[in-house]
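Contents: one structure, followed by commentary.
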Amino acid sequence: MAALRWLTPRRRSATARSVLAGEASAEAARKSAQAEEATALDTGSEPDFPVHGDDRAAAFFDLDNTVMQGAAIFHFGRGLYKRKFFETRDLARFAWQQAYFRLAGLEDPEHMQDARDSALSIVKGHRVSELKSIGEEIYDEYMAERIWPGTRALAQAHLDAGQKVWLVTAAPVEIAQVIARRLGLTGALGTVAESVGGVYTGKLVGEPLHGPAKAEAVRALATAEGLDLSRCAAYSDSHNDIPMLSLVGHPYAINPDSKLRKHARELEWRLRDYRTGRKAAKVGIPAAAGVGAVAGGTAAAIALHRRRR
């Protein structure tokens, strides 16, 4: 991969690292999607959602607090702890990061850096295939019940319209790919951890897929896939994803933090909030969301309220 030539010098700018992270994640996402497609062809099965509509349109969904309640890396950490990958004090750190994320409703750079470093140290020396297999189990144990039904309905609406749907997240790409596959999505772009001979080295390829790096990844994927970004949609809860949201013709704020909500209102972006049973502020609600999305959001709110009682 041409982008890997940029890895050695440590003096590269943050922008260059973001471009590298974006290109690396886009390539990983494309390879994964191609592999899934090849498997389907080999078995003679048909895609669940064949393309009937605009083949130059796609949808890009942030993961944490947009598609899933909380942070995927925390839920993954719980699963690894259960399998004795690390000790109790490390789990406490994961728990604090998750609590901060959910209560503050934003992504703090220092907490994200700590979470990234913790995850890299934990998986170093383990095989990629092992983590992928464990990721499937952890999805069933901790993640499946935390998917926002309303956001999932939005993603399904894009699929039903014949559009490809991608997760775009700072979580490890292997975890993101598991979640995308379980939800029936096209694929995922995520942070790419370096591996040699199928074993994690404890380093990253570029930077975490966060902020501007997400925008670079979406741009790279759109170029590779021949997409017209003005026809595409993007969904996120965080103001950190404004660069990605600004790339597309149809940006949506989902469960937005205060900064994103303000920004979205100023630009008249569409908003959806599935975190409470109250009717959230909405701007230009998409018809594709339908009654199912509203019902799904309400059901999620009721379930969350019951768990907190």
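Ordering of the structure tokens sets the chain letters (A, B, ...); residue numbers start at 1 within each chain; ligands are numbered from 1 in the order shown.
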
Long-range neighbours of stretch 164-176 of chain A as a list of chain:residue names, 6 Å cut-off, only C-alpha atoms, 2 positions minimum in chain: A:Ala58, A:Ala59, A:Phe60, A:Phe61, A:Asp62, A:Leu63, A:Ile73, A:Val178, A:Ile179, A:Leu185, A:Thr186, A:Gly187, A:Ala188, A:Leu189, A:Gly190, A:Thr191, A:Val192, A:Pro208, A:Leu209, A:His210

Would you kindly return, as a PyMOL selection string, each protein, DNA or RNA residue with an atom no farther than 9 Å from any atom of A:Gly198, considering only C-alpha atoms and excluding same-chain residues fewer than 3 positions away? chain A and resi 126-129+195

Next, the residues of the selection above should be written as a PDB file, in the first residue's frame with N, CA, C and O atoms.
```
ATOM      1  N   HIS A 126      -1.158 -10.944  20.251  1.00  0.00           N
ATOM      2  CA  HIS A 126      -2.260 -11.845  19.932  1.00  0.00           C
ATOM      3  C   HIS A 126      -2.499 -11.880  18.425  1.00  0.00           C
ATOM      4  O   HIS A 126      -2.215 -10.923  17.711  1.00  0.00           O
ATOM      5  N   ARG A 127      -3.048 -12.982  17.969  1.00  0.00           N
ATOM      6  CA  ARG A 127      -3.304 -13.141  16.544  1.00  0.00           C
ATOM      7  C   ARG A 127      -4.584 -12.403  16.150  1.00  0.00           C
ATOM      8  O   ARG A 127      -5.563 -12.341  16.910  1.00  0.00           O
ATOM      9  N   VAL A 128      -4.566 -11.849  14.947  1.00  0.00           N
ATOM     10  CA  VAL A 128      -5.721 -11.126  14.424  1.00  0.00           C
ATOM     11  C   VAL A 128      -6.936 -12.053  14.357  1.00  0.00           C
ATOM     12  O   VAL A 128      -8.049 -11.666  14.738  1.00  0.00           O
ATOM     13  N   SER A 129      -6.721 -13.268  13.909  1.00  0.00           N
ATOM     14  CA  SER A 129      -7.824 -14.228  13.783  1.00  0.00           C
ATOM     15  C   SER A 129      -8.461 -14.519  15.139  1.00  0.00           C
ATOM     16  O   SER A 129      -9.676 -14.705  15.248  1.00  0.00           O
ATOM     17  N   SER A 195      -0.209  -5.260  12.086  1.00  0.00           N
ATOM     18  CA  SER A 195       0.037  -6.668  12.371  1.00  0.00           C
ATOM     19  C   SER A 195       1.106  -7.178  11.417  1.00  0.00           C
ATOM     20  O   SER A 195       1.186  -6.745  10.268  1.00  0.00           O
TER      21      SER A 195
END
```

To test your reading of the structure, identify every residue in stretch 137-265 of chain A that backbone DSSP assigns to helix (DSSP H, G or I), and report it as a PyMOL selection string. chain A and resi 137-146+149-160+173-182+212-225+229-231+239-247+258-265

So, with only C-alpha atoms as the atoms that count, which of A:Glu136, A:His75, A:Ala57, A:Leu131 lies closest to A:Ser230? A:Ala57

Nearest-residue call for A:Gly135, choices A:Ser236, A:Gln156, A:Gln177, A:Thr66, using only C-alpha atoms: A:Gln177

Tell me which protein, DNA and RNA residues are within 6 Å of A:Val67, counting only C-alpha atoms, leaving out same-chain ones fewer than 4 positions away, and put them as number ranges by chain. A: 63, 147-148, 151

I need the chosen residues saved as a PDB file, in the first residue's frame, with all heavy atoms.
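The resulting result-v6.pdb:
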```pdb
ATOM      1  N   LEU A  63     -20.288   5.067  14.947  1.00  0.00           N
ATOM      2  CA  LEU A  63     -20.733   3.921  15.761  1.00  0.00           C
ATOM      3  C   LEU A  63     -21.118   4.308  17.183  1.00  0.00           C
ATOM      4  O   LEU A  63     -22.273   4.160  17.580  1.00  0.00           O
ATOM      5  CB  LEU A  63     -19.624   2.866  15.788  1.00  0.00           C
ATOM      6  CG  LEU A  63     -19.876   1.631  16.663  1.00  0.00           C
ATOM      7  CD1 LEU A  63     -21.138   0.905  16.232  1.00  0.00           C
ATOM      8  CD2 LEU A  63     -18.666   0.700  16.632  1.00  0.00           C
ATOM      9  N   ILE A 147     -27.693  -1.764  20.474  1.00  0.00           N
ATOM     10  CA  ILE A 147     -27.882  -1.095  19.190  1.00  0.00           C
ATOM     11  C   ILE A 147     -29.151  -0.243  19.261  1.00  0.00           C
ATOM     12  O   ILE A 147     -30.202  -0.732  19.668  1.00  0.00           O
ATOM     13  CB  ILE A 147     -27.998  -2.115  18.045  1.00  0.00           C
ATOM     14  CG1 ILE A 147     -26.743  -3.000  17.976  1.00  0.00           C
ATOM     15  CG2 ILE A 147     -28.238  -1.413  16.716  1.00  0.00           C
ATOM     16  CD1 ILE A 147     -25.455  -2.255  17.693  1.00  0.00           C
ATOM     17  N   TRP A 148     -29.051   1.019  18.871  1.00  0.00           N
ATOM     18  CA  TRP A 148     -30.239   1.883  18.856  1.00  0.00           C
ATOM     19  C   TRP A 148     -31.177   1.425  17.743  1.00  0.00           C
ATOM     20  O   TRP A 148     -30.811   1.474  16.569  1.00  0.00           O
ATOM     21  CB  TRP A 148     -29.852   3.334  18.605  1.00  0.00           C
ATOM     22  CG  TRP A 148     -29.117   4.013  19.707  1.00  0.00           C
ATOM     23  CD1 TRP A 148     -27.799   4.374  19.697  1.00  0.00           C
ATOM     24  CD2 TRP A 148     -29.635   4.455  20.961  1.00  0.00           C
ATOM     25  NE1 TRP A 148     -27.466   4.997  20.873  1.00  0.00           N
ATOM     26  CE2 TRP A 148     -28.575   5.056  21.672  1.00  0.00           C
ATOM     27  CE3 TRP A 148     -30.905   4.383  21.554  1.00  0.00           C
ATOM     28  CZ2 TRP A 148     -28.742   5.597  22.939  1.00  0.00           C
ATOM     29  CZ3 TRP A 148     -31.063   4.927  22.823  1.00  0.00           C
ATOM     30  CH2 TRP A 148     -29.996   5.519  23.503  1.00  0.00           C
ATOM     31  N   THR A 151     -31.710   4.127  14.924  1.00  0.00           N
ATOM     32  CA  THR A 151     -30.604   4.306  13.980  1.00  0.00           C
ATOM     33  C   THR A 151     -30.492   3.110  13.056  1.00  0.00           C
ATOM     34  O   THR A 151     -30.210   3.249  11.863  1.00  0.00           O
ATOM     35  CB  THR A 151     -29.280   4.505  14.735  1.00  0.00           C
ATOM     36  OG1 THR A 151     -29.446   5.505  15.733  1.00  0.00           O
ATOM     37  CG2 THR A 151     -28.180   4.929  13.773  1.00  0.00           C
TER      38      THR A 151
END
```

Please determine, counting only C-alpha atoms, which residue among A:Ala213, A:Ile122, A:Ala28, A:Val205 has the shortest atom-to-atom distance to A:Asn240. A:Ala213

What is the atom CA of A:Leu260 to atom CA of A:Ala24 distance in Å?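 Separating atom CA of A:Leu260 from atom CA of A:Ala24 is a distance of 27.0 Å.
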
Taking only C-alpha atoms into account, name the residue in A:Pro243, A:Leu159, A:Leu20, A:Met143 that is nearest to A:Ala71. A:Met143

Neighbouring residues of A:Leu229 were defined as those with any atom within 10 Å, considering only C-alpha atoms; residues of the same chain fewer than 6 positions away were excluded. Please report them as a short mmCIF file (atom, residue, chain, number, x, y, z; two decimals) with N, CA and C atoms, in the first residue's frame.
```cif
data_model
loop_
_atom_site.label_atom_id
_atom_site.label_comp_id
_atom_site.auth_asym_id
_atom_site.auth_seq_id
_atom_site.Cartn_x
_atom_site.Cartn_y
_atom_site.Cartn_z
N ARG A 56 -24.35 5.55 -6.98
CA ARG A 56 -23.30 6.51 -6.61
C ARG A 56 -23.59 7.15 -5.26
N ALA A 57 -24.58 6.62 -4.56
CA ALA A 57 -24.93 7.12 -3.22
C ALA A 57 -24.61 6.05 -2.18
N ALA A 58 -24.26 6.50 -0.98
CA ALA A 58 -23.99 5.59 0.13
C ALA A 58 -24.27 6.33 1.43
N ALA A 59 -24.28 5.60 2.54
CA ALA A 59 -24.50 6.21 3.85
C ALA A 59 -23.37 5.81 4.78
N VAL A 218 -13.58 8.58 4.53
CA VAL A 218 -14.79 8.62 3.70
C VAL A 218 -14.45 9.15 2.31
N ARG A 219 -13.62 10.17 2.25
CA ARG A 219 -13.24 10.72 0.96
C ARG A 219 -12.49 9.68 0.11
N ALA A 222 -14.93 6.98 -1.02
CA ALA A 222 -15.81 7.50 -2.07
C ALA A 222 -15.09 7.53 -3.41
N THR A 223 -13.83 7.93 -3.41
CA THR A 223 -13.05 7.95 -4.65
C THR A 223 -12.87 6.54 -5.20
N SER A 246 -19.78 17.27 7.04
CA SER A 246 -19.74 18.37 6.08
C SER A 246 -19.37 17.92 4.67
N LEU A 247 -18.84 16.71 4.57
CA LEU A 247 -18.44 16.20 3.25
C LEU A 247 -19.63 15.84 2.37
N VAL A 248 -20.72 15.40 3.00
CA VAL A 248 -21.82 14.82 2.25
C VAL A 248 -22.95 15.81 2.02
N GLY A 249 -23.80 15.45 1.10
CA GLY A 249 -24.94 16.31 0.79
C GLY A 249 -26.07 16.19 1.78
N HIS A 250 -26.06 15.09 2.58
CA HIS A 250 -27.17 14.83 3.51
C HIS A 250 -26.63 14.46 4.89
#
```

Please return as a VMD selection string: the residues of stretch 161-255 of chain A that backbone DSSP assigns to strand (DSSP E or B). chain A and resid 164 to 172 187 to 191 193 to 196 199 to 204 233 to 236 250 to 254

Any chance you could export the current selection's N, CA and C atoms as an mmCIF file, in the first residue's frame?
```
data_model
loop_
_atom_site.group_PDB
_atom_site.id
_atom_site.type_symbol
_atom_site.label_atom_id
_atom_site.label_comp_id
_atom_site.auth_asym_id
_atom_site.auth_seq_id
_atom_site.Cartn_x
_atom_site.Cartn_y
_atom_site.Cartn_z
ATOM 1 N N LYS A 164 -25.188 1.441 -0.409
ATOM 2 C CA LYS A 164 -24.242 0.812 0.499
ATOM 3 C C LYS A 164 -24.192 1.608 1.790
ATOM 4 N N VAL A 165 -23.990 0.884 2.895
ATOM 5 C CA VAL A 165 -23.959 1.512 4.208
ATOM 6 C C VAL A 165 -22.685 1.081 4.937
ATOM 7 N N TRP A 166 -21.930 2.080 5.401
ATOM 8 C CA TRP A 166 -20.650 1.809 6.050
ATOM 9 C C TRP A 166 -20.639 2.379 7.468
ATOM 10 N N LEU A 167 -20.067 1.627 8.415
ATOM 11 C CA LEU A 167 -19.740 2.183 9.719
ATOM 12 C C LEU A 167 -18.420 2.914 9.597
ATOM 13 N N VAL A 168 -18.295 4.044 10.286
ATOM 14 C CA VAL A 168 -17.044 4.810 10.298
ATOM 15 C C VAL A 168 -16.747 5.144 11.754
ATOM 16 N N THR A 169 -15.707 4.533 12.315
ATOM 17 C CA THR A 169 -15.506 4.616 13.757
ATOM 18 C C THR A 169 -14.035 4.604 14.151
ATOM 19 N N ALA A 170 -13.762 5.164 15.326
ATOM 20 C CA ALA A 170 -12.411 5.109 15.870
ATOM 21 C C ALA A 170 -12.114 3.751 16.500
ATOM 22 N N ALA A 171 -13.130 2.920 16.653
ATOM 23 C CA ALA A 171 -12.926 1.576 17.199
ATOM 24 C C ALA A 171 -12.059 0.753 16.237
ATOM 25 N N PRO A 172 -11.389 -0.278 16.734
ATOM 26 C CA PRO A 172 -10.580 -1.128 15.851
ATOM 27 C C PRO A 172 -11.406 -1.651 14.684
ATOM 28 N N GLY A 187 -20.019 -2.676 5.141
ATOM 29 C CA GLY A 187 -18.676 -2.840 5.680
ATOM 30 C C GLY A 187 -18.380 -1.773 6.700
ATOM 31 N N ALA A 188 -17.099 -1.651 7.068
ATOM 32 C CA ALA A 188 -16.722 -0.710 8.117
ATOM 33 C C ALA A 188 -15.344 -0.129 7.874
ATOM 34 N N LEU A 189 -15.209 1.117 8.276
ATOM 35 C CA LEU A 189 -13.924 1.787 8.328
ATOM 36 C C LEU A 189 -13.617 2.023 9.795
ATOM 37 N N GLY A 190 -12.425 1.646 10.232
ATOM 38 C CA GLY A 190 -12.065 1.804 11.638
ATOM 39 C C GLY A 190 -10.568 1.990 11.782
ATOM 40 N N THR A 191 -10.140 2.175 13.011
ATOM 41 C CA THR A 191 -8.717 2.324 13.287
ATOM 42 C C THR A 191 -7.987 1.027 12.949
ATOM 43 N N ALA A 193 -4.914 -1.381 13.344
ATOM 44 C CA ALA A 193 -3.768 -1.769 14.155
ATOM 45 C C ALA A 193 -2.796 -2.559 13.288
ATOM 46 N N GLU A 194 -1.529 -2.257 13.441
ATOM 47 C CA GLU A 194 -0.500 -2.938 12.646
ATOM 48 C C GLU A 194 -0.377 -4.407 13.071
ATOM 49 N N SER A 195 -0.209 -5.260 12.086
ATOM 50 C CA SER A 195 0.037 -6.668 12.371
ATOM 51 C C SER A 195 1.106 -7.178 11.417
ATOM 52 N N VAL A 196 1.905 -8.077 11.905
ATOM 53 C CA VAL A 196 2.957 -8.706 11.104
ATOM 54 C C VAL A 196 2.794 -10.207 11.222
ATOM 55 N N VAL A 199 -0.061 -11.201 13.495
ATOM 56 C CA VAL A 199 0.059 -10.944 14.936
ATOM 57 C C VAL A 199 0.155 -9.438 15.172
ATOM 58 N N TYR A 200 -0.606 -8.921 16.127
ATOM 59 C CA TYR A 200 -0.591 -7.498 16.431
ATOM 60 C C TYR A 200 0.754 -7.072 17.029
ATOM 61 N N THR A 201 1.242 -5.920 16.570
ATOM 62 C CA THR A 201 2.531 -5.412 17.053
ATOM 63 C C THR A 201 2.380 -4.420 18.199
ATOM 64 N N GLY A 202 1.172 -3.951 18.442
ATOM 65 C CA GLY A 202 0.971 -2.940 19.472
ATOM 66 C C GLY A 202 1.099 -1.527 18.925
ATOM 67 N N LYS A 203 1.168 -1.386 17.601
ATOM 68 C CA LYS A 203 1.265 -0.070 16.963
ATOM 69 C C LYS A 203 0.074 0.122 16.030
ATOM 70 N N LEU A 204 -0.109 1.363 15.597
ATOM 71 C CA LEU A 204 -1.169 1.682 14.654
ATOM 72 C C LEU A 204 -0.607 1.970 13.275
ATOM 73 N N ALA A 233 -25.105 10.304 2.468
ATOM 74 C CA ALA A 233 -25.554 10.742 3.790
ATOM 75 C C ALA A 233 -24.550 10.298 4.839
ATOM 76 N N ALA A 234 -24.467 11.067 5.928
ATOM 77 C CA ALA A 234 -23.602 10.702 7.049
ATOM 78 C C ALA A 234 -24.338 10.993 8.350
ATOM 79 N N TYR A 235 -24.087 10.150 9.354
ATOM 80 C CA TYR A 235 -24.785 10.226 10.637
ATOM 81 C C TYR A 235 -23.769 10.195 11.770
ATOM 82 N N SER A 236 -23.932 11.099 12.749
ATOM 83 C CA SER A 236 -23.046 11.071 13.907
ATOM 84 C C SER A 236 -23.679 11.802 15.079
ATOM 85 N N HIS A 250 -26.060 15.089 2.583
ATOM 86 C CA HIS A 250 -27.172 14.830 3.505
ATOM 87 C C HIS A 250 -26.634 14.463 4.888
ATOM 88 N N PRO A 251 -26.220 15.464 5.677
ATOM 89 C CA PRO A 251 -25.710 15.194 7.030
ATOM 90 C C PRO A 251 -26.846 15.106 8.047
ATOM 91 N N TYR A 252 -26.697 14.191 9.005
ATOM 92 C CA TYR A 252 -27.699 13.988 10.047
ATOM 93 C C TYR A 252 -27.004 13.979 11.408
ATOM 94 N N ALA A 253 -27.601 14.678 12.376
ATOM 95 C CA ALA A 253 -27.115 14.640 13.754
ATOM 96 C C ALA A 253 -28.000 13.665 14.524
ATOM 97 N N ILE A 254 -27.377 12.589 15.028
ATOM 98 C CA ILE A 254 -28.112 11.553 15.759
ATOM 99 C C ILE A 254 -27.664 11.565 17.208
#
```

My list of candidates is A:Leu267, A:Ala157, A:Ala26, A:Leu80. Which is closest to A:Ser133 when distances are computed with only C-alpha atoms?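 Under the stated criterion, the closest residue is A:Leu80.
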